[in-house]
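**Q** Attaching a single structure in structure tokens format; questions to follow.
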Amino acid sequence: MIVTGLPDEGLILIGPADAGFNKHLKGLLADETTPELDALRSYSVILRNNSRQTVIAYALRWEYTNTDGKRVHVDLSDGQITRLMNGAIRKTRTEHDKVGPAIEAHSWVVATPATILKTSSGARDRANDSNYQDFLQKLVTRFQGKDVSVTLDGAFFEDGSFVGPNGSHLFENFGSEVSAQQNLLQHVIEAAQQGRSMDDVAREIQASLPDSPPKPTLAPDGTILLDDQYYRHKYASRFLSVYRNAGQESALGWAKDHLFQNPPKLTNLNSKETKP
């Protein structure tokens, strides 16, 4: 398997044939096993962050040759908006963030075609899930003996800078997610400042949502594209869930906790494109 990271940016991919793979794996998971590594170890990599910044979002692309002789791909991405810098300071350092997808400087994660692993938590439940096991076996069948390569397609650092080829459109997708989330939160907080109740705000947001969630768009090459409306629905639903389960005060507190006062600009260092 050909493995390609972004070494000039301090982002290293370590494949299973590399001498350091088992050492990094043991350092992260000890001697624990997971169904993903049991099935997909040969197609998994270690993503190590040797830079000075936290990596807060990233995408990997596995490519292989299908039965028609065409090169096709499987993308996997993850991100954590709360780990973006809030101006010159870090917005949060909670225990929840430490177990989230962000990769601290000089730390690493295991990336399989099915999921990202930081710990073995939940491995037994996933191993006992027959549907999940079927999913893993389908991935194994797709990859076996078919000129597999894996590339770090893109990564965001905590200051909002982005690096990578961006074939998976991580820069656009993550930018849409950040914008949609922040716009919704700003609307909620401004409404509260105008003296409106969260009951009114919640009813207004609920009425603005379509009956069914917006669906992702597929590019001609099969890459998933996610727009502002998709993410607005996602975060509006989260706000409404907090409101219904915990009440007005908690819903407003949730909005305040997640709003950036000084959000960084997302900047593609390759193209110099910025978002928003």
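Ordering of the structure tokens sets the chain letters (A, B, ...); residue numbers start at 1 within each chain; ligands are numbered from 1 in the order shown.
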Taking the chain letters and numbering used in this document, name the residues of region 136-269 of chain A that DSSP puts in strand (DSSP E or B), as a ChimeraX atom specification.

**A** /A:149-157,161-163,217-218,224-225,266-268

**Q** What would the file look like if the residues just selected were written as a tab-separated table (two decimals), in the first residue's frame with N, CA, C and O atoms?

**A**
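Generated output (again-v4.tsv):
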chain	number	residue	atom	x	y	z
A	149	SER	N	-3.87	2.72	-2.23
A	149	SER	CA	-3.03	3.82	-1.74
A	149	SER	C	-3.86	4.65	-0.78
A	149	SER	O	-5.09	4.69	-0.88
A	150	VAL	N	-3.20	5.31	0.15
A	150	VAL	CA	-3.91	6.21	1.07
A	150	VAL	C	-3.13	7.51	1.16
A	150	VAL	O	-1.90	7.53	1.25
A	151	THR	N	-3.88	8.60	1.08
A	151	THR	CA	-3.29	9.95	1.05
A	151	THR	C	-3.95	10.82	2.11
A	151	THR	O	-5.17	10.76	2.30
A	152	LEU	N	-3.16	11.63	2.80
A	152	LEU	CA	-3.72	12.67	3.65
A	152	LEU	C	-4.16	13.79	2.71
A	152	LEU	O	-3.33	14.55	2.20
A	153	ASP	N	-5.46	13.88	2.47
A	153	ASP	CA	-5.98	14.77	1.43
A	153	ASP	C	-6.11	16.20	1.90
A	153	ASP	O	-6.16	17.13	1.09
A	154	GLY	N	-6.18	16.43	3.21
A	154	GLY	CA	-6.30	17.79	3.70
A	154	GLY	C	-6.32	17.83	5.21
A	154	GLY	O	-6.68	16.85	5.87
A	155	ALA	N	-5.91	18.97	5.77
A	155	ALA	CA	-5.92	19.14	7.23
A	155	ALA	C	-6.03	20.62	7.57
A	155	ALA	O	-5.44	21.48	6.91
A	156	PHE	N	-6.81	20.90	8.61
A	156	PHE	CA	-6.91	22.24	9.18
A	156	PHE	C	-6.12	22.29	10.48
A	156	PHE	O	-6.25	21.40	11.33
A	157	PHE	N	-5.35	23.35	10.65
A	157	PHE	CA	-4.70	23.62	11.93
A	157	PHE	C	-5.61	24.53	12.76
A	157	PHE	O	-6.56	25.12	12.24
A	161	SER	N	-5.67	27.63	9.22
A	161	SER	CA	-4.96	27.38	7.98
A	161	SER	C	-5.19	25.95	7.51
A	161	SER	O	-5.29	25.03	8.32
A	162	PHE	N	-5.27	25.78	6.19
A	162	PHE	CA	-5.56	24.49	5.58
A	162	PHE	C	-4.45	24.11	4.63
A	162	PHE	O	-3.93	24.94	3.88
A	163	VAL	N	-4.09	22.82	4.64
A	163	VAL	CA	-3.08	22.30	3.72
A	163	VAL	C	-3.58	21.00	3.11
A	163	VAL	O	-4.41	20.31	3.69
A	217	THR	N	-24.76	16.32	-1.63
A	217	THR	CA	-24.66	16.26	-3.09
A	217	THR	C	-23.44	15.43	-3.46
A	217	THR	O	-22.39	15.54	-2.83
A	218	LEU	N	-23.60	14.59	-4.46
A	218	LEU	CA	-22.48	13.78	-4.93
A	218	LEU	C	-21.86	14.41	-6.18
A	218	LEU	O	-22.55	14.70	-7.15
A	224	ILE	N	-18.48	13.42	-1.66
A	224	ILE	CA	-19.65	14.02	-1.00
A	224	ILE	C	-19.42	15.51	-0.79
A	224	ILE	O	-18.40	15.92	-0.24
A	225	LEU	N	-20.39	16.32	-1.20
A	225	LEU	CA	-20.35	17.76	-1.01
A	225	LEU	C	-21.47	18.16	-0.04
A	225	LEU	O	-22.62	17.79	-0.23
A	266	LEU	N	-10.64	30.82	7.83
A	266	LEU	CA	-10.16	29.58	7.26
A	266	LEU	C	-9.46	29.90	5.95
A	266	LEU	O	-10.08	30.47	5.04
A	267	THR	N	-8.20	29.55	5.86
A	267	THR	CA	-7.39	29.94	4.71
A	267	THR	C	-6.71	28.73	4.09
A	267	THR	O	-5.98	28.00	4.77
A	268	ASN	N	-6.98	28.50	2.80
A	268	ASN	CA	-6.30	27.44	2.07
A	268	ASN	C	-4.93	27.96	1.65
A	268	ASN	O	-4.82	28.84	0.80

**Q** Measuring atom to atom with only C-alpha atoms, identify which of A:Lys26, A:Arg41, A:Lys265, A:Lys275 is nearest to Asn173 (chain A).

**A** A:Lys275

**Q** Point out the residue among A:Ser241, A:Thr33, A:Ser51, A:Ser179 with the least atom-to-atom distance to Leu6 (chain A), counting only C-alpha atoms.

**A**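 Smallest separation from Leu6 (chain A) among the options: A:Ser51.
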
**Q** Would you tabulate, counting only C-alpha atoms, all residues of region 58-132 of chain A that have an atom at most 9 Å from an atom of region 141-145 of chain A, showing the closest pair of atoms and their distance in Å to one decimal, sorted by chain then ascending number, as CSV?

**A**
residue,atom,partner,partner_atom,distance
A:Trp62,CA,A:Phe143,CA,9.0
A:Glu63,CA,A:Phe143,CA,8.6
A:Tyr64,CA,A:Phe143,CA,6.5
A:Thr65,CA,A:Phe143,CA,8.3
A:Asn66,CA,A:Arg142,CA,7.6

**Q** Given the selection you just returned, output its residues as a file containing all heavy atoms, formatted as a PDB file, in the first residue's frame.

**A**
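Here's the written file selection-v9.pdb:
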ATOM      1  N   TRP A  62      -8.574   6.834   0.538  1.00  0.00           N
ATOM      2  CA  TRP A  62      -8.090   5.535   0.091  1.00  0.00           C
ATOM      3  C   TRP A  62      -8.510   5.345  -1.366  1.00  0.00           C
ATOM      4  O   TRP A  62      -9.688   5.512  -1.707  1.00  0.00           O
ATOM      5  CB  TRP A  62      -8.693   4.414   0.929  1.00  0.00           C
ATOM      6  CG  TRP A  62      -8.054   4.221   2.265  1.00  0.00           C
ATOM      7  CD1 TRP A  62      -7.119   3.289   2.612  1.00  0.00           C
ATOM      8  CD2 TRP A  62      -8.325   4.954   3.464  1.00  0.00           C
ATOM      9  NE1 TRP A  62      -6.779   3.400   3.942  1.00  0.00           N
ATOM     10  CE2 TRP A  62      -7.508   4.413   4.494  1.00  0.00           C
ATOM     11  CE3 TRP A  62      -9.173   6.023   3.786  1.00  0.00           C
ATOM     12  CZ2 TRP A  62      -7.530   4.899   5.797  1.00  0.00           C
ATOM     13  CZ3 TRP A  62      -9.182   6.507   5.074  1.00  0.00           C
ATOM     14  CH2 TRP A  62      -8.361   5.960   6.065  1.00  0.00           C
ATOM     15  N   GLU A  63      -7.579   5.004  -2.221  1.00  0.00           N
ATOM     16  CA  GLU A  63      -7.873   4.738  -3.628  1.00  0.00           C
ATOM     17  C   GLU A  63      -7.504   3.298  -3.971  1.00  0.00           C
ATOM     18  O   GLU A  63      -6.543   2.744  -3.427  1.00  0.00           O
ATOM     19  CB  GLU A  63      -7.104   5.695  -4.535  1.00  0.00           C
ATOM     20  CG  GLU A  63      -7.584   7.133  -4.448  1.00  0.00           C
ATOM     21  CD  GLU A  63      -6.916   8.015  -5.487  1.00  0.00           C
ATOM     22  OE1 GLU A  63      -5.754   8.386  -5.272  1.00  0.00           O
ATOM     23  OE2 GLU A  63      -7.560   8.326  -6.511  1.00  0.00           O
ATOM     24  N   TYR A  64      -8.281   2.715  -4.868  1.00  0.00           N
ATOM     25  CA  TYR A  64      -7.994   1.345  -5.309  1.00  0.00           C
ATOM     26  C   TYR A  64      -8.554   1.165  -6.716  1.00  0.00           C
ATOM     27  O   TYR A  64      -9.339   1.992  -7.206  1.00  0.00           O
ATOM     28  CB  TYR A  64      -8.599   0.322  -4.349  1.00  0.00           C
ATOM     29  CG  TYR A  64     -10.113   0.370  -4.248  1.00  0.00           C
ATOM     30  CD1 TYR A  64     -10.913  -0.470  -5.013  1.00  0.00           C
ATOM     31  CD2 TYR A  64     -10.746   1.272  -3.390  1.00  0.00           C
ATOM     32  CE1 TYR A  64     -12.293  -0.420  -4.933  1.00  0.00           C
ATOM     33  CE2 TYR A  64     -12.124   1.330  -3.295  1.00  0.00           C
ATOM     34  CZ  TYR A  64     -12.891   0.481  -4.067  1.00  0.00           C
ATOM     35  OH  TYR A  64     -14.265   0.541  -3.990  1.00  0.00           O
ATOM     36  N   THR A  65      -8.171   0.080  -7.363  1.00  0.00           N
ATOM     37  CA  THR A  65      -8.643  -0.223  -8.709  1.00  0.00           C
ATOM     38  C   THR A  65      -9.832  -1.183  -8.618  1.00  0.00           C
ATOM     39  O   THR A  65      -9.716  -2.255  -8.018  1.00  0.00           O
ATOM     40  CB  THR A  65      -7.525  -0.875  -9.545  1.00  0.00           C
ATOM     41  OG1 THR A  65      -6.395  -0.005  -9.563  1.00  0.00           O
ATOM     42  CG2 THR A  65      -7.998  -1.127 -10.971  1.00  0.00           C
ATOM     43  N   ASN A  66     -10.971  -0.784  -9.195  1.00  0.00           N
ATOM     44  CA  ASN A  66     -12.157  -1.640  -9.116  1.00  0.00           C
ATOM     45  C   ASN A  66     -12.140  -2.708 -10.212  1.00  0.00           C
ATOM     46  O   ASN A  66     -11.190  -2.807 -10.999  1.00  0.00           O
ATOM     47  CB  ASN A  66     -13.446  -0.807  -9.154  1.00  0.00           C
ATOM     48  CG  ASN A  66     -13.669  -0.131 -10.500  1.00  0.00           C
ATOM     49  OD1 ASN A  66     -12.983  -0.410 -11.483  1.00  0.00           O
ATOM     50  ND2 ASN A  66     -14.650   0.757 -10.545  1.00  0.00           N
TER      51      ASN A  66
END

**Q** I'd like the contact shell of Thr34 (chain A) - 7 Å cut-off, only C-alpha atoms, skipping same-chain residues fewer than 2 positions apart - returned as a list in words.

**A**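 My list of contacting residues is Glu32, Glu36, Leu37, Asp38, Ser120 and Ala123 of chain A.
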
**Q** Go ahead and save the picked residues with N, CA, C and O atoms, as a CSV table (one decimal), in the first residue's frame.

**A**
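Once everything was written out, this is again_3.csv:
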chain,number,residue,atom,x,y,z
A,32,GLU,N,-5.0,-3.5,23.4
A,32,GLU,CA,-6.4,-3.7,23.2
A,32,GLU,C,-6.6,-3.9,21.7
A,32,GLU,O,-5.9,-3.4,20.8
A,36,GLU,N,-12.1,-2.8,13.9
A,36,GLU,CA,-11.6,-2.2,12.7
A,36,GLU,C,-10.2,-2.7,12.3
A,36,GLU,O,-9.9,-2.9,11.2
A,37,LEU,N,-9.3,-2.8,13.3
A,37,LEU,CA,-8.0,-3.2,13.1
A,37,LEU,C,-7.9,-4.7,12.8
A,37,LEU,O,-7.1,-5.2,12.0
A,38,ASP,N,-8.8,-5.5,13.4
A,38,ASP,CA,-8.9,-6.9,13.1
A,38,ASP,C,-9.2,-7.1,11.7
A,38,ASP,O,-8.6,-8.0,11.0
A,120,SER,N,-9.6,2.4,22.4
A,120,SER,CA,-10.3,1.2,22.1
A,120,SER,C,-11.7,1.2,22.7
A,120,SER,O,-12.5,0.2,22.6
A,123,ALA,N,-15.1,-0.8,21.6
A,123,ALA,CA,-14.7,-1.8,20.7
A,123,ALA,C,-15.5,-3.1,20.8
A,123,ALA,O,-15.9,-3.7,19.8

**Q** Could you name the residues that touch Ala207 (chain A) at 12 Å or less, counting only C-alpha atoms, but leaving out those on the same chain fewer than 6 positions away, as a PyMOL selection string?

**A** chain A and resi 200-201+233+236-237+240

**Q** Which residue is closest to Thr54 (chain A)? Choose from A:Gln133, A:Gly247, A:Pro113, A:Asp159 and count only C-alpha atoms.

**A**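 Result for the nearest residue to Thr54 (chain A): A:Asp159.
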
**Q** Rounded to one decimal, what separation in Å do you get between CA of Asp8 (chain A) and CA of Leu47 (chain A)?

**A**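 It comes out at 14.1 Å.
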
**Q** A:Thr82, A:Asn128, A:Gln186, A:Ser212: which is nearest Pro35 (chain A), counting only C-alpha atoms?

**A**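 Comparing A:Thr82, A:Asn128, A:Gln186, A:Ser212 against Pro35 (chain A), the winner is A:Asn128.
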
**Q** Neighbours of Asp199 (chain A) within 9 Å (only C-alpha atoms; same-chain residues fewer than 3 positions away dropped), as a short mmCIF file (atom, residue, chain, number, x, y, z; two decimals) with N, CA and C atoms, in the first residue's frame?

**A**
data_model
loop_
_atom_site.label_atom_id
_atom_site.label_comp_id
_atom_site.auth_asym_id
_atom_site.auth_seq_id
_atom_site.Cartn_x
_atom_site.Cartn_y
_atom_site.Cartn_z
N ARG A 196 -36.19 38.71 23.12
CA ARG A 196 -37.08 37.63 22.71
C ARG A 196 -36.82 36.38 23.54
N ALA A 202 -37.07 29.20 19.29
CA ALA A 202 -37.16 27.77 18.96
C ALA A 202 -38.28 27.50 17.96
N ARG A 203 -39.43 28.15 18.18
CA ARG A 203 -40.55 27.97 17.24
C ARG A 203 -40.18 28.48 15.85
N GLU A 204 -39.50 29.62 15.81
CA GLU A 204 -39.09 30.20 14.54
C GLU A 204 -38.11 29.28 13.80
N TYR A 243 -32.88 22.64 23.73
CA TYR A 243 -34.04 23.41 24.19
C TYR A 243 -35.14 22.49 24.74
N GLN A 248 -34.98 26.62 28.23
CA GLN A 248 -34.54 27.86 27.58
C GLN A 248 -33.14 28.29 28.00
#
